[in-house]
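A short worksheet on the structure shown next.
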Amino acid sequence: MNEILDEQSRASLVLYRLKRADEAIAEARLLAGEGYYNATMNRLYYACFYAALALLVANGIVTASHAGVKTMLGLHFVSKGLLDIQHGKTFSRLFEIRHTGDYDDFVYCDKEMSEEYTPKAEAFISRIKELLEDK
């Protein structure tokens, strides 16, 4: 998404991304309940990714890749203390887990990992929403 957005389009896109984040968290819970932990971790990552995109879009920050989102989030929010370093670490770790789960062989996530990262992802999204409310 490289085009310049007017305020109404930007606001609509932010709301859409937050809705996708909430949906992905709900999907993660359903998948975890059925024991699909690799898919759970994927959805947790995407929930955070969508929330991060919402924050970046709201601030007029353009990215072209998942790595770009991670970099811009760190540069504009974590390094400035707007987003706690633990939230940055959560996003980075979920980024790694999702990438290895999607592209590497013999990668298995488990219930403990799901239980550890679900509340971390929820806290990350909650903080993003706070930052957006303050904007």
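Just so we're on the same page: first chain in the structure tokens is A, next is B, and so on; residues restart at 1 for each chain, and ligands are numbered from 1 in the order they show up.
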Legend entry - All residues 12 Å or closer to Glu112 of chain A, only C-alpha atoms, same chain fewer than 3 positions away omitted, as an MDAnalysis selection string: chainID A and resid 32 35 37:38 40:41 108:109 115:119
Kindly save the residues from that selection, with N, CA and C atoms included, as a PDB file, in the first residue's frame.
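The resulting out13.pdb:
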```pdb
ATOM      1  N   ALA A  32      -6.289 -23.004  18.743  1.00  0.00           N
ATOM      2  CA  ALA A  32      -5.630 -23.556  19.939  1.00  0.00           C
ATOM      3  C   ALA A  32      -6.545 -24.559  20.634  1.00  0.00           C
ATOM      4  N   GLY A  35      -6.161 -27.783  19.087  1.00  0.00           N
ATOM      5  CA  GLY A  35      -4.810 -28.353  19.091  1.00  0.00           C
ATOM      6  C   GLY A  35      -3.969 -28.024  17.868  1.00  0.00           C
ATOM      7  N   TYR A  37      -1.564 -25.843  16.889  1.00  0.00           N
ATOM      8  CA  TYR A  37      -0.702 -24.826  17.485  1.00  0.00           C
ATOM      9  C   TYR A  37       0.157 -24.078  16.464  1.00  0.00           C
ATOM     10  N   ASN A  38       0.572 -24.722  15.395  1.00  0.00           N
ATOM     11  CA  ASN A  38       1.300 -23.973  14.358  1.00  0.00           C
ATOM     12  C   ASN A  38       0.386 -22.903  13.761  1.00  0.00           C
ATOM     13  N   THR A  40      -2.217 -21.644  15.214  1.00  0.00           N
ATOM     14  CA  THR A  40      -2.471 -20.678  16.285  1.00  0.00           C
ATOM     15  C   THR A  40      -1.404 -19.598  16.293  1.00  0.00           C
ATOM     16  N   MET A  41      -0.148 -20.024  16.224  1.00  0.00           N
ATOM     17  CA  MET A  41       0.950 -19.059  16.268  1.00  0.00           C
ATOM     18  C   MET A  41       0.938 -18.164  15.028  1.00  0.00           C
ATOM     19  N   TYR A 108       7.384 -27.460  14.976  1.00  0.00           N
ATOM     20  CA  TYR A 108       6.174 -27.768  15.717  1.00  0.00           C
ATOM     21  C   TYR A 108       6.011 -26.807  16.880  1.00  0.00           C
ATOM     22  N   CYS A 109       4.914 -26.110  16.892  1.00  0.00           N
ATOM     23  CA  CYS A 109       4.561 -25.275  18.031  1.00  0.00           C
ATOM     24  C   CYS A 109       3.698 -26.125  18.954  1.00  0.00           C
ATOM     25  N   GLU A 115      -0.034 -20.820  24.860  1.00  0.00           N
ATOM     26  CA  GLU A 115      -0.482 -20.219  26.119  1.00  0.00           C
ATOM     27  C   GLU A 115       0.418 -19.064  26.554  1.00  0.00           C
ATOM     28  N   GLU A 116       1.687 -19.123  26.203  1.00  0.00           N
ATOM     29  CA  GLU A 116       2.604 -18.044  26.530  1.00  0.00           C
ATOM     30  C   GLU A 116       2.349 -16.810  25.668  1.00  0.00           C
ATOM     31  N   TYR A 117       2.141 -17.029  24.376  1.00  0.00           N
ATOM     32  CA  TYR A 117       2.083 -15.899  23.448  1.00  0.00           C
ATOM     33  C   TYR A 117       0.689 -15.315  23.233  1.00  0.00           C
ATOM     34  N   THR A 118      -0.358 -16.036  23.555  1.00  0.00           N
ATOM     35  CA  THR A 118      -1.697 -15.464  23.389  1.00  0.00           C
ATOM     36  C   THR A 118      -1.882 -14.206  24.234  1.00  0.00           C
ATOM     37  N   PRO A 119      -1.588 -14.246  25.535  1.00  0.00           N
ATOM     38  CA  PRO A 119      -1.748 -13.000  26.302  1.00  0.00           C
ATOM     39  C   PRO A 119      -0.761 -11.905  25.886  1.00  0.00           C
TER      40      PRO A 119
END
```
With 10 Å as the cut-off and only C-alpha atoms counted, what is the closest atom pair between each nearby residue of segment 58-131 of chain A and segment 6-16 of chain A? Distances in Å to one decimal, ordered by chain and number, as a tab-separated table.
```
residue	atom	partner	partner_atom	distance
A:Ala58	CA	A:Val14	CA	6.3
A:Asn59	CA	A:Arg10	CA	9.3
A:Gly60	CA	A:Arg10	CA	8.5
```
Since we have the selection now, will you write its residues out, keeping all heavy atoms, as a PDB file, in the first residue's frame?
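Saved result, again06.pdb, follows:
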```
ATOM      1  N   ALA A  58      -1.923   4.897  10.482  1.00  0.00           N
ATOM      2  CA  ALA A  58      -2.444   6.066  11.190  1.00  0.00           C
ATOM      3  C   ALA A  58      -1.401   7.169  11.296  1.00  0.00           C
ATOM      4  O   ALA A  58      -1.741   8.347  11.386  1.00  0.00           O
ATOM      5  CB  ALA A  58      -2.925   5.667  12.584  1.00  0.00           C
ATOM      6  N   ASN A  59      -0.147   6.779  11.271  1.00  0.00           N
ATOM      7  CA  ASN A  59       0.942   7.740  11.393  1.00  0.00           C
ATOM      8  C   ASN A  59       1.618   8.055  10.067  1.00  0.00           C
ATOM      9  O   ASN A  59       2.693   8.659  10.030  1.00  0.00           O
ATOM     10  CB  ASN A  59       1.953   7.234  12.416  1.00  0.00           C
ATOM     11  CG  ASN A  59       1.423   7.362  13.822  1.00  0.00           C
ATOM     12  OD1 ASN A  59       1.508   8.424  14.416  1.00  0.00           O
ATOM     13  ND2 ASN A  59       0.823   6.299  14.346  1.00  0.00           N
ATOM     14  N   GLY A  60       1.003   7.607   8.976  1.00  0.00           N
ATOM     15  CA  GLY A  60       1.517   7.925   7.647  1.00  0.00           C
ATOM     16  C   GLY A  60       2.832   7.242   7.309  1.00  0.00           C
ATOM     17  O   GLY A  60       3.590   7.731   6.476  1.00  0.00           O
TER      18      GLY A  60
END
```
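Shortest separation to Asp84 of chain A among A:Ala54, A:Val62, A:Phe124, A:Tyr46 occurs at residue A:Phe124, atoms counted being only C-alpha atoms.
We find atom CA of Arg98 of chain A and atom CA of Tyr45 of chain A to be spaced 6.4 Å apart.
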Inset, instruction - Pick out the residues sitting within 12 Å of His99 of chain A, and hand them over as a ChimeraX atom specification; count only C-alpha atoms, and ignore anything fewer than 2 positions along from it in its own chain. - result: /A:38-39,41-43,45-46,66-67,92-97,101-105,107
Polymer residues at most 10 Å from segment 75-77 of chain A, only C-alpha atoms, same-chain spacing of 5 or more positions, as a compact mmCIF listing (two decimals) with N, CA, C and O atoms, in the first residue's frame:
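Output below, filename selection34.txt:
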```txt
# COMPACT_ATOMS: atom_id res chain seq x y z
N LEU A 55 -1.34 0.99 13.20
CA LEU A 55 -0.58 2.05 13.83
C LEU A 55 0.29 2.80 12.82
O LEU A 55 0.35 4.03 12.83
N LEU A 56 0.94 2.05 11.96
CA LEU A 56 1.79 2.68 10.96
C LEU A 56 0.97 3.52 9.99
O LEU A 56 1.33 4.67 9.68
N ASN A 59 -0.15 6.78 11.27
CA ASN A 59 0.94 7.74 11.39
C ASN A 59 1.62 8.05 10.07
O ASN A 59 2.69 8.66 10.03
N ILE A 61 3.09 6.11 7.94
CA ILE A 61 4.33 5.37 7.70
C ILE A 61 4.04 4.23 6.73
O ILE A 61 3.20 3.38 7.00
N VAL A 69 7.53 -3.71 8.30
CA VAL A 69 6.63 -3.38 9.41
C VAL A 69 7.39 -3.51 10.73
O VAL A 69 7.34 -2.63 11.59
N LYS A 70 8.12 -4.60 10.87
CA LYS A 70 8.90 -4.83 12.10
C LYS A 70 9.93 -3.71 12.30
O LYS A 70 10.07 -3.16 13.40
N LEU A 82 7.39 4.73 22.96
CA LEU A 82 5.93 4.75 22.83
C LEU A 82 5.34 3.35 22.95
O LEU A 82 4.19 3.18 23.35
N LEU A 83 6.13 2.38 22.57
CA LEU A 83 5.74 0.97 22.66
C LEU A 83 6.83 0.28 23.46
O LEU A 83 8.02 0.39 23.12
N ASP A 84 6.45 -0.37 24.53
CA ASP A 84 7.40 -1.01 25.43
C ASP A 84 8.27 -2.02 24.68
O ASP A 84 7.81 -2.69 23.75
N ILE A 85 9.50 -2.13 25.11
CA ILE A 85 10.43 -3.05 24.46
C ILE A 85 9.92 -4.50 24.50
O ILE A 85 10.17 -5.27 23.57
N GLY A 88 7.78 -4.97 21.59
CA GLY A 88 8.63 -5.12 20.40
C GLY A 88 9.21 -6.52 20.31
O GLY A 88 9.26 -7.11 19.22
N LEU A 131 -2.45 3.57 21.80
CA LEU A 131 -1.70 4.56 21.03
C LEU A 131 -2.56 5.22 19.96
O LEU A 131 -2.45 6.42 19.73
```
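Distance-wise, atom CA of Lys120 of chain A and atom CA of Gly68 of chain A end up 21.3 Å apart.
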Legend entry - Best match for closeness to Leu73 of chain A among A:Ala52, A:Ile25, A:Val57, A:Ala47, counting only C-alpha atoms: A:Ala52
